>>> print(open('work19.cif').read())   # mmCIF, C-alpha atoms
data_upload
loop_
_atom_site.label_atom_id
_atom_site.label_comp_id
_atom_site.auth_asym_id
_atom_site.auth_seq_id
_atom_site.Cartn_x
_atom_site.Cartn_y
_atom_site.Cartn_z
CA MET Y 1 0.00 0.00 0.00
CA GLY Y 2 1.51 3.33 -1.04
CA SER Y 3 1.74 6.33 1.24
CA SER Y 4 -0.55 8.39 -1.00
CA SER Y 5 -3.40 5.94 -0.55
CA MET Y 6 -2.82 5.78 3.19
CA GLU Y 7 -3.14 9.56 3.41
CA GLN Y 8 -6.76 9.23 2.33
CA LYS Y 9 -7.67 6.50 4.79
CA LYS Y 10 -9.76 7.14 7.84
CA LEU Y 11 -7.64 7.17 10.96
CA GLU Y 12 -7.90 3.67 12.38
CA MET Y 13 -8.34 2.63 15.98
CA PHE Y 14 -6.86 -0.76 16.84
CA GLU Y 15 -8.09 -2.45 20.00
CA VAL Y 16 -5.47 -4.68 21.60
CA GLY Y 17 -5.29 -6.56 24.87
CA PRO Y 18 -5.34 -7.74 27.47
CA CYS Y 19 -2.22 -9.55 26.28
CA GLU Y 20 -0.05 -12.24 27.78
CA ASP Y 21 2.78 -9.74 28.12
CA ALA Y 22 4.07 -6.40 26.82
CA TYR Y 23 5.97 -8.07 23.97
CA GLN Y 24 2.75 -9.57 22.65
CA MET Y 25 0.97 -6.21 22.76
CA GLY Y 26 3.79 -4.62 20.78
CA PHE Y 27 3.87 -7.54 18.38
CA LEU Y 28 0.15 -7.27 17.61
CA ILE Y 29 0.42 -3.51 17.06
CA GLY Y 30 3.43 -3.96 14.78
CA GLN Y 31 1.71 -6.74 12.87
CA ARG Y 32 -1.48 -4.73 12.37
CA PHE Y 33 0.31 -1.59 11.17
CA CYS Y 34 3.29 -3.16 9.40
CA ASP Y 35 2.51 -1.36 6.12
CA GLN Y 36 2.38 2.06 7.78
CA ILE Y 37 5.54 1.40 9.79
CA ARG Y 38 7.53 0.21 6.77
CA SER Y 39 6.25 3.06 4.62
CA ARG Y 40 7.19 5.64 7.24
CA LEU Y 41 10.70 4.26 7.61
CA ALA Y 42 11.19 4.25 3.84
CA THR Y 43 9.99 7.82 3.31
CA ASP Y 44 11.25 9.60 6.44
CA LEU Y 45 14.22 11.66 5.23
CA ILE Y 46 15.49 12.30 8.75
CA HIS Y 47 15.60 8.59 9.41
CA GLN Y 48 17.17 7.73 6.06
CA ASN Y 49 19.65 10.61 5.78
CA GLN Y 50 20.68 11.26 9.39
CA LEU Y 51 19.68 8.62 11.93
CA LEU Y 52 20.61 5.50 9.96
CA PRO Y 53 23.97 6.79 8.65
CA PHE Y 54 24.93 7.96 12.13
CA ALA Y 55 23.95 4.61 13.67
CA GLN Y 56 26.41 2.87 11.35
CA THR Y 57 29.39 4.88 12.64
CA PRO Y 58 31.62 4.03 15.62
CA GLN Y 59 30.77 7.42 17.16
CA SER Y 60 27.16 6.33 17.68
CA GLU Y 61 27.95 3.27 19.77
CA PRO Y 62 28.32 4.89 23.23
CA LEU Y 63 25.13 6.94 22.80
CA LEU Y 64 23.00 4.07 21.50
CA LYS Y 65 24.39 1.73 24.19
CA ALA Y 66 23.48 4.20 26.96
CA LEU Y 67 19.99 4.75 25.55
CA ARG Y 68 19.38 1.00 25.33
CA GLU Y 69 20.67 0.19 28.80
CA ASN Y 70 19.08 3.09 30.68
CA ASN Y 71 15.65 2.79 29.11
CA GLN Y 72 15.52 -0.99 29.30
CA THR Y 73 16.52 -0.87 32.97
CA LYS Y 74 14.01 1.85 33.88
CA PHE Y 75 11.13 0.54 31.76
CA PRO Y 76 11.66 -3.18 30.96
CA LYS Y 77 7.99 -3.69 30.10
CA TYR Y 78 7.89 -0.87 27.54
CA TRP Y 79 11.22 -2.02 26.15
CA ASP Y 80 9.67 -5.43 25.48
CA GLU Y 81 6.70 -3.70 23.87
CA LEU Y 82 9.06 -1.87 21.53
CA LEU Y 83 10.87 -5.10 20.62
CA GLY Y 84 7.51 -6.71 19.94
CA THR Y 85 6.57 -3.86 17.59
CA ALA Y 86 9.75 -4.46 15.61
CA ALA Y 87 9.10 -8.19 15.38
CA GLY Y 88 5.45 -7.80 14.48
CA SER Y 89 6.16 -5.29 11.73
CA GLY Y 90 9.08 -7.29 10.36
CA VAL Y 91 11.55 -4.40 10.45
CA PRO Y 92 14.99 -4.33 12.13
CA VAL Y 93 15.02 -3.46 15.82
CA LEU Y 94 17.55 -0.72 15.05
CA ASP Y 95 15.03 1.15 12.89
CA ILE Y 96 12.41 1.06 15.65
CA LEU Y 97 14.96 2.21 18.22
CA LEU Y 98 16.09 5.12 16.06
CA ILE Y 99 12.61 6.57 15.47
CA ASN Y 100 11.68 6.14 19.13
CA PHE Y 101 14.89 7.91 20.24
CA ARG Y 102 14.80 10.42 17.39
CA LYS Y 103 15.06 13.53 19.57
CA GLU Y 104 17.54 11.95 21.97
CA ILE Y 105 19.86 11.14 19.05
CA LEU Y 106 19.50 14.17 16.78
CA ALA Y 107 20.51 16.49 19.61
CA PHE Y 108 23.91 14.78 19.78
CA LEU Y 109 24.73 14.32 16.10
CA PRO Y 110 28.13 15.68 15.08
CA LYS Y 111 27.81 18.78 12.94
CA GLU Y 112 29.20 16.97 9.92
CA ALA Y 113 26.50 14.30 10.29
CA LYS Y 114 23.66 16.79 10.07
CA SER Y 115 22.26 17.11 6.57
CA SER Y 116 20.30 19.91 4.97
CA ASN Y 117 17.16 17.91 5.74
CA ALA Y 118 17.18 19.15 9.31
CA ASP Y 119 14.51 17.92 11.66
CA SER Y 120 11.47 20.12 11.15
CA PRO Y 121 10.33 22.03 14.23
CA ASP Y 122 7.48 20.73 16.33
CA ASP Y 123 4.69 23.28 16.05
CA CYS Y 124 2.10 21.88 18.46
CA SER Y 125 0.06 24.39 20.44
CA ASP Y 126 -2.14 24.08 23.53
CA VAL Y 127 -4.60 26.36 25.26
CA LEU Y 128 -5.78 25.45 28.77
CA ILE Y 129 -8.27 26.85 31.27
CA VAL Y 130 -10.01 25.78 34.49
CA SER Y 131 -12.83 28.03 35.73
CA ASP Y 132 -16.15 27.56 37.47
CA SER Y 133 -17.93 27.28 34.11
CA MET Y 134 -15.47 25.17 32.12
CA ALA Y 135 -12.30 23.10 32.27
CA ILE Y 136 -10.74 22.72 28.83
CA ALA Y 137 -7.51 21.51 27.27
CA ALA Y 138 -7.35 22.05 23.51
CA HIS Y 139 -4.37 20.92 21.43
CA ASN Y 140 -3.31 20.91 17.80
CA GLU Y 141 -0.83 18.29 16.67
CA ASP Y 142 1.68 19.47 14.10
CA ALA Y 143 4.33 17.04 12.96
CA ASN Y 144 6.83 16.20 10.25
CA VAL Y 145 5.37 15.66 6.77
CA ALA Y 146 6.79 12.12 6.86
CA LEU Y 147 3.95 11.22 9.23
CA PHE Y 148 1.19 11.76 6.65
CA GLY Y 149 -0.66 8.45 6.51
CA HIS Y 150 1.55 7.03 9.25
CA THR Y 151 -0.47 7.55 12.43
CA TYR Y 152 -3.18 5.56 14.18
CA LEU Y 153 -5.08 5.21 17.44
CA ILE Y 154 -4.27 2.43 19.89
CA LYS Y 155 -6.88 1.35 22.42
CA GLY Y 156 -4.90 -0.83 24.77
CA THR Y 157 -6.32 -2.90 27.62
CA LEU Y 158 -3.79 -3.85 30.27
CA PRO Y 159 -3.71 -7.26 32.01
CA ASN Y 160 -4.81 -5.73 35.32
CA GLY Y 161 -7.91 -4.11 33.78
CA PRO Y 162 -7.27 -0.41 33.00
CA SER Y 163 -7.24 0.76 29.40
CA PHE Y 164 -5.93 3.71 27.40
CA ILE Y 165 -6.39 5.37 24.03
CA ALA Y 166 -3.34 6.96 22.41
CA TYR Y 167 -2.68 8.78 19.15
CA THR Y 168 0.41 7.01 17.87
CA TYR Y 169 3.10 7.64 15.27
CA ALA Y 170 3.82 4.52 13.21
CA GLY Y 171 6.48 2.38 14.85
CA GLU Y 172 6.64 4.41 18.04
CA LEU Y 173 5.42 3.64 21.53
CA PRO Y 174 2.00 5.10 22.34
CA SER Y 175 2.01 8.08 22.61
CA CYS Y 176 4.38 10.90 21.79
CA ALA Y 177 1.37 13.13 21.01
CA PHE Y 178 -1.67 12.74 23.29
CA GLY Y 179 -3.67 10.11 25.09
CA PHE Y 180 -5.92 9.29 28.03
CA ASN Y 181 -6.83 6.33 30.20
CA SER Y 182 -9.72 4.78 32.11
CA HIS Y 183 -8.49 6.31 35.37
CA GLY Y 184 -9.55 9.69 33.98
CA LEU Y 185 -5.97 10.90 33.42
CA ALA Y 186 -5.20 12.52 30.06
CA PHE Y 187 -2.21 14.36 28.63
CA THR Y 188 -0.99 16.35 25.65
CA LEU Y 189 2.64 17.05 24.83
CA ASN Y 190 4.70 19.98 23.57
CA SER Y 191 8.30 19.72 22.45
CA VAL Y 192 10.65 22.32 23.95
CA PRO Y 193 14.20 23.32 22.84
CA PRO Y 194 16.82 23.31 25.63
CA ASP Y 195 20.29 24.56 24.71
CA GLU Y 196 23.07 22.03 24.12
CA ASP Y 197 24.51 22.47 27.61
CA GLU Y 198 21.11 21.67 29.15
CA ILE Y 199 20.76 18.15 27.75
CA MET Y 200 22.18 14.78 28.84
CA ALA Y 201 23.30 12.03 26.49
CA GLY Y 202 21.82 8.58 27.00
CA GLY Y 203 19.05 9.50 29.42
CA ILE Y 204 15.44 8.38 29.46
CA GLY Y 205 13.65 8.85 26.14
CA ARG Y 206 10.55 11.01 25.93
CA ASN Y 207 8.60 8.20 24.24
CA PHE Y 208 9.22 5.94 27.22
CA MET Y 209 8.17 8.67 29.64
CA SER Y 210 4.89 9.38 27.84
CA ARG Y 211 4.17 5.64 27.49
CA ASP Y 212 4.45 5.44 31.27
CA LEU Y 213 1.97 8.30 31.69
CA LEU Y 214 -0.68 6.21 29.93
CA GLU Y 215 -0.72 4.00 33.05
CA ALA Y 216 -0.79 6.82 35.63
CA LYS Y 217 -3.75 6.76 38.01
CA SER Y 218 -3.84 10.50 38.76
CA ILE Y 219 -1.96 13.76 38.27
CA ASP Y 220 0.02 13.08 41.45
CA ASP Y 221 0.97 9.65 40.13
CA ALA Y 222 1.94 11.16 36.77
CA LEU Y 223 4.10 13.80 38.46
CA SER Y 224 5.82 11.13 40.55
CA ARG Y 225 6.65 9.20 37.37
CA ILE Y 226 8.00 12.35 35.70
CA HIS Y 227 10.11 13.31 38.74
CA SER Y 228 11.65 9.83 38.96
CA SER Y 229 12.93 9.77 35.38
CA GLU Y 230 16.33 11.12 34.38
CA ILE Y 231 15.30 12.33 30.93
CA SER Y 232 17.76 13.15 28.19
CA VAL Y 233 16.16 16.25 26.66
CA GLY Y 234 13.34 18.58 27.62
CA HIS Y 235 9.60 18.20 27.26
CA SER Y 236 6.34 19.86 28.29
CA TYR Y 237 3.37 17.86 29.57
CA ASN Y 238 -0.21 19.08 29.96
CA LEU Y 239 -1.80 16.75 32.52
CA ILE Y 240 -5.58 16.58 32.84
CA GLU Y 241 -7.47 14.87 35.68
CA THR Y 242 -11.14 14.56 34.83
CA ARG Y 243 -12.30 13.45 38.28
CA THR Y 244 -11.10 16.64 39.94
CA ARG Y 245 -11.25 19.06 36.97
CA LYS Y 246 -7.56 19.77 37.49
CA ILE Y 247 -5.07 20.68 34.75
CA VAL Y 248 -1.36 21.35 35.18
CA ASN Y 249 1.45 22.23 32.77
CA VAL Y 250 4.74 20.51 33.54
CA GLU Y 251 8.03 21.60 31.98
CA THR Y 252 11.01 19.28 32.32
CA ALA Y 253 14.71 19.17 31.53
CA SER Y 254 17.61 16.82 32.17
CA ARG Y 255 19.00 16.29 35.68
CA LYS Y 256 15.44 15.86 36.97
CA ARG Y 257 14.54 19.53 36.66
CA VAL Y 258 10.77 19.99 36.77
CA SER Y 259 8.47 23.00 37.02
CA VAL Y 260 4.71 22.65 37.57
CA ARG Y 261 2.13 25.34 36.86
CA VAL Y 262 -1.46 24.78 37.99
CA ILE Y 263 -3.94 26.05 35.41
CA GLY Y 264 -6.66 28.44 36.62
CA GLU Y 265 -9.24 30.79 35.17
CA THR Y 266 -6.68 32.74 33.14
CA PRO Y 267 -6.27 30.98 29.75
CA PHE Y 268 -2.80 29.50 29.34
CA PHE Y 269 -1.25 29.08 25.87
CA HIS Y 270 1.80 26.88 25.33
CA ALA Y 271 3.74 26.52 22.10
CA ASN Y 272 7.20 24.93 21.83
CA MET Y 273 9.26 26.93 24.30
CA TYR Y 274 9.82 26.96 28.05
CA LEU Y 275 7.58 29.43 29.88
CA HIS Y 276 8.25 28.84 33.59
CA LEU Y 277 11.17 26.40 34.01
CA GLN Y 278 14.27 28.59 34.28
CA ILE Y 279 16.54 27.14 31.65
CA SER Y 280 18.69 28.25 28.74
CA GLN Y 281 16.83 27.47 25.53
CA VAL Y 282 17.08 27.88 21.78
CA GLN Y 283 15.29 31.05 20.68
CA ASP Y 284 12.53 29.79 18.42
CA GLU Y 285 10.96 32.54 16.32
CA ASN Y 286 8.10 30.24 15.38
CA SER Y 287 7.03 29.69 19.00
CA LEU Y 288 7.60 33.32 19.93
CA SER Y 289 5.31 34.41 17.10
CA ARG Y 290 2.60 31.96 18.11
CA GLN Y 291 2.81 33.03 21.76
CA LYS Y 292 2.43 36.71 20.77
CA ARG Y 293 -0.51 35.99 18.49
CA ALA Y 294 -2.28 33.84 21.09
CA ALA Y 295 -1.86 36.60 23.69
CA ILE Y 296 -4.06 39.03 21.73
CA LEU Y 297 -6.79 36.58 20.69
CA THR Y 298 -10.00 36.27 22.72
CA LYS Y 299 -10.15 33.07 24.78
CA GLN Y 300 -13.50 32.97 26.58
CA SER Y 301 -15.35 30.00 25.09
CA LYS Y 302 -14.87 26.55 23.62
CA ALA Y 303 -15.43 27.94 20.12
CA GLU Y 304 -12.81 30.65 20.64
CA PHE Y 305 -10.28 28.10 21.90
CA LEU Y 306 -10.69 26.05 18.74
CA SER Y 307 -10.61 29.19 16.60
CA LEU Y 308 -7.31 30.16 18.21
CA LEU Y 309 -5.77 26.78 17.36
CA GLY Y 310 -6.93 27.23 13.77
CA ASP Y 311 -5.56 30.76 13.43
CA THR Y 312 -3.55 31.51 10.27
CA ASN Y 313 -3.16 35.29 10.63
CA ASP Y 314 0.64 35.13 10.63
CA THR Y 315 1.50 33.82 7.18
CA LYS Y 316 5.07 32.87 8.14
CA TYR Y 317 4.42 31.32 11.55
CA PRO Y 318 0.69 30.65 11.90
CA ILE Y 319 -0.65 28.82 14.94
CA TYR Y 320 -2.35 26.50 12.47
CA MET Y 321 0.38 25.22 10.18
CA THR Y 322 -0.37 23.84 6.72
CA GLY Y 323 1.48 21.34 4.57
CA ILE Y 324 2.29 19.11 7.56
CA LEU Y 325 0.47 16.54 9.64
CA LYS Y 326 -2.33 18.28 11.52
CA THR Y 327 -4.97 17.07 13.94
CA PHE Y 328 -7.09 18.86 16.51
CA GLU Y 329 -7.78 17.34 19.86
CA PHE Y 330 -10.16 18.72 22.44
CA PHE Y 331 -10.47 17.60 26.04
CA LEU Y 332 -13.60 18.86 27.80
CA VAL Y 333 -13.09 17.92 31.43
CA ASN Y 334 -16.58 18.70 32.67
CA PRO Y 335 -18.75 16.80 31.75
CA LEU Y 336 -16.50 13.76 31.67
CA PHE Y 337 -15.83 13.04 28.05
CA ILE Y 338 -13.04 13.50 25.58
CA ASN Y 339 -13.72 14.57 22.02
CA LEU Y 340 -11.06 14.25 19.34
CA LEU Y 341 -11.62 16.78 16.59
CA PRO Y 342 -9.22 16.38 13.65
CA ASN Y 343 -8.81 18.65 10.69
CA THR Y 344 -10.80 17.23 7.79
CA GLN Y 345 -7.94 17.76 5.35
CA VAL Y 346 -6.01 14.93 6.99
CA HIS Y 347 -8.26 12.69 9.08
CA TYR Y 348 -11.97 12.05 9.02
CA PHE Y 349 -13.19 11.01 12.42
CA THR Y 350 -14.91 12.32 15.50
CA ARG Y 351 -14.87 10.05 18.53
CA CYS Y 352 -16.35 10.63 21.99
CA VAL Y 353 -15.31 8.42 24.87
CA GLN Y 354 -17.11 8.26 28.22
CA LEU Y 355 -14.55 7.73 30.96
#
>>> encode(input="work19.cif", output="C-alpha cells")
Amino acid sequence: MGSSSMEQKKLEMFEVGPCEDAYQMGFLIGQRFCDQIRSRLATDLIHQNQLLPFAQTPQSEPLLKALRENNQTKFPKYWDELLGTAAGSGVPVLDILLINFRKEILAFLPKEAKSSNADSPDDCSDVLIVSDSMAIAAHNEDANVALFGHTYLIKGTLPNGPSFIAYTYAGELPSCAFGFNSHGLAFTLNSVPPDEDEIMAGGIGRNFMSRDLLEAKSIDDALSRIHSSEISVGHSYNLIETRTRKIVNVETASRKRVSVRVIGETPFFHANMYLHLQISQVQDENSLSRQKRAAILTKQSKAEFLSLLGDTNDTKYPIYMTGILKTFEFFLVNPLFINLLPNTQVHYFTRCVQL
C-alpha cells in the first residue's frame, strides 16, 4: 500500500489486549500496522539521511548503548513492547529504536552528520483553562510531513484491567502526542528546545516517559513518574485529571529539573518553548510568534479556543500550520468526556469516549 493511498484512509483505531505480556501487545500492534511502519521508515528523510547513517558509525555506539541500557533498565515492560513492535512489523530493531529515540539522538549528532534535511520544528500548540464554568484543554498536533498516513489510534487494555487510548506515530510507543486512560488521566505534549549544555546524552527517552503516563492513576501519580525519570532532553506535559477538573502544565529538563504550573481561570497558551522552568533554551521565532498571536486573541469559550488553534493570521508562523500533519484534539473535562476533533484535510473522524 503506497503512502498516498494511506493519506486518504480514515484514521484507524486498533483495540489490543489484554495480552499475555508487553511483547505480545507490541507484536500485535506492529503486525497490524506493518505497512504504515515500513512506509514511514522508507519515506522519512530524517531517518534515512541522518539517523541511519549515524547509527552505522563508531561514534554512535556509546550513545546508543546508553539509551538502550538506561531505558531498558528503567522501563523493561515498555522495552519489550518496543521489541515486539519491531518483530510484528518485520523491520529491524535498530530502525524502531532510532525513530523512538529520534530527539535523543539528533541532539547529539556531530555537525558533519547533520544534513540539509534538518529535523522540522514541532509546532504543536495548547490552550488550557479551568474556571467555574469550564475546564478545557485544547491541542493541535503538528508534525513532520513524513507522518502523513503514518499515524493511528491504539486502544490498549492492560492485564490488570485499565485501558488507554493513544494517538500514535507509526512504529513508536503510544504516545508521543496525546492520550488518556480509564483512570480519567489525560495528557498532551509539547516539544521544547533546551540549549546544548542543558541536555544529557543517554538519558530516558521522551517516548518511554509518555508511554508510562498512559498508566498513571492521577496527576500526582503522573508527576511522581516524571520526577523519577532522568530524561535526556526537555519536554512539556499538559496533565488533565477529569475526576477533579484539574489541569497542570509541567516543563522538564535533564538532571530531573521539573516546574509545575497549575492552570486556573486565566487561559494559558503553550507553544514549543519553556515558559516557567528557568533554563537556557534555543530562541525559536516560530514559537515566539505563536505566543504573541495567542496573547491578543479572545479566549473565553470553547469555540474561541478552537478558533485560536486554527488561526492563520501570521503567514510565516501561523498557529495552524499547513502542509504538515495536523490534527485537533479537544479535552472537555466537565462533563466527563473527551472529544477528538481532527482537521478534515487529513483525518476524518470524531470520537467521543465516556470515561
>>> closest_residue(input="work19.cif", among="Y:Leu223, Y:Leu239, Y:Ala107, Y:Ala177", to="Met200 (chain Y)", atoms="all atoms listed in the file")
Y:Ala107
>>> resolve_selection(input="work19.cif", expression="the PyMOL selection byres ((chain Y and resi 320) around 7)", output="ChimeraX atom specification")
/Y:309-312,318-319,321-322
>>> resolve_selection(input="work19.cif", expression="the PyMOL selection byres ((chain Y and resi 156-163) around 9)", output="PDB file with C-alpha atoms, in the frame of the given file")
ATOM      1  CA  PHE Y  14      -6.860  -0.760  16.840  1.00  0.00           C
ATOM      2  CA  GLU Y  15      -8.090  -2.450  20.000  1.00  0.00           C
ATOM      3  CA  VAL Y  16      -5.470  -4.680  21.600  1.00  0.00           C
ATOM      4  CA  GLY Y  17      -5.290  -6.560  24.870  1.00  0.00           C
ATOM      5  CA  PRO Y  18      -5.340  -7.740  27.470  1.00  0.00           C
ATOM      6  CA  CYS Y  19      -2.220  -9.550  26.280  1.00  0.00           C
ATOM      7  CA  GLU Y  20      -0.050 -12.240  27.780  1.00  0.00           C
ATOM      8  CA  ASP Y  21       2.780  -9.740  28.120  1.00  0.00           C
ATOM      9  CA  ALA Y  22       4.070  -6.400  26.820  1.00  0.00           C
ATOM     10  CA  MET Y  25       0.970  -6.210  22.760  1.00  0.00           C
ATOM     11  CA  ILE Y 154      -4.270   2.430  19.890  1.00  0.00           C
ATOM     12  CA  LYS Y 155      -6.880   1.350  22.420  1.00  0.00           C
ATOM     13  CA  PHE Y 164      -5.930   3.710  27.400  1.00  0.00           C
ATOM     14  CA  ILE Y 165      -6.390   5.370  24.030  1.00  0.00           C
ATOM     15  CA  ALA Y 166      -3.340   6.960  22.410  1.00  0.00           C
ATOM     16  CA  PHE Y 180      -5.920   9.290  28.030  1.00  0.00           C
ATOM     17  CA  ASN Y 181      -6.830   6.330  30.200  1.00  0.00           C
ATOM     18  CA  SER Y 182      -9.720   4.780  32.110  1.00  0.00           C
ATOM     19  CA  HIS Y 183      -8.490   6.310  35.370  1.00  0.00           C
ATOM     20  CA  LEU Y 214      -0.680   6.210  29.930  1.00  0.00           C
ATOM     21  CA  GLU Y 215      -0.720   4.000  33.050  1.00  0.00           C
TER      22      GLU Y 215
END
>>> closest_residue(input="work19.cif", among="Y:Pro92, Y:Lys302, Y:Gln291, Y:Glu198", to="Thr252 (chain Y)", atoms="only C-alpha atoms")
Y:Glu198
>>> residues_near_point(input="work19.cif", point="(-8.7, 31.0, 30.5)", cutoff="8 Å", atoms="only C-alpha atoms", output="ChimeraX atom specification")
/Y:128-131,264-268,299-300
>>> atom_distance(input="work19.cif", atom1="CA of Leu41 (chain Y)", atom2="CA of Leu98 (chain Y)")
10.1 Å
>>> atom_distance(input="work19.cif", atom1="CA of Ser125 (chain Y)", atom2="CA of Arg243 (chain Y)")
24.3 Å
>>> residues_around(input="work19.cif", residues="Ile279 (chain Y)", least_positions_apart="3", cutoff="9 Å", atoms="only C-alpha atoms", output="tab-separated table (two decimals) with C-alpha atoms, in the coordinates of the input")
chain	number	residue	atom	x	y	z
Y	194	PRO	CA	16.82	23.31	25.63
Y	195	ASP	CA	20.29	24.56	24.71
Y	198	GLU	CA	21.11	21.67	29.15
Y	253	ALA	CA	14.71	19.17	31.53
Y	274	TYR	CA	9.82	26.96	28.05
Y	276	HIS	CA	8.25	28.84	33.59
>>> atom_distance(input="work19.cif", atom1="CA of Leu277 (chain Y)", atom2="CA of Pro193 (chain Y)")
12.0 Å
>>> residues_around(input="work19.cif", residues="Gly171 (chain Y)", least_positions_apart="4", cutoff="8 Å", atoms="all atoms listed in the file", output="JSON, numbers by chain")
{"Y": [30, 37, 85, 86, 96, 99, 100]}
>>> closest_residue(input="work19.cif", among="Y:His150, Y:Arg225, Y:Arg245, Y:Arg40", to="Phe75 (chain Y)", atoms="only C-alpha atoms")
Y:Arg225
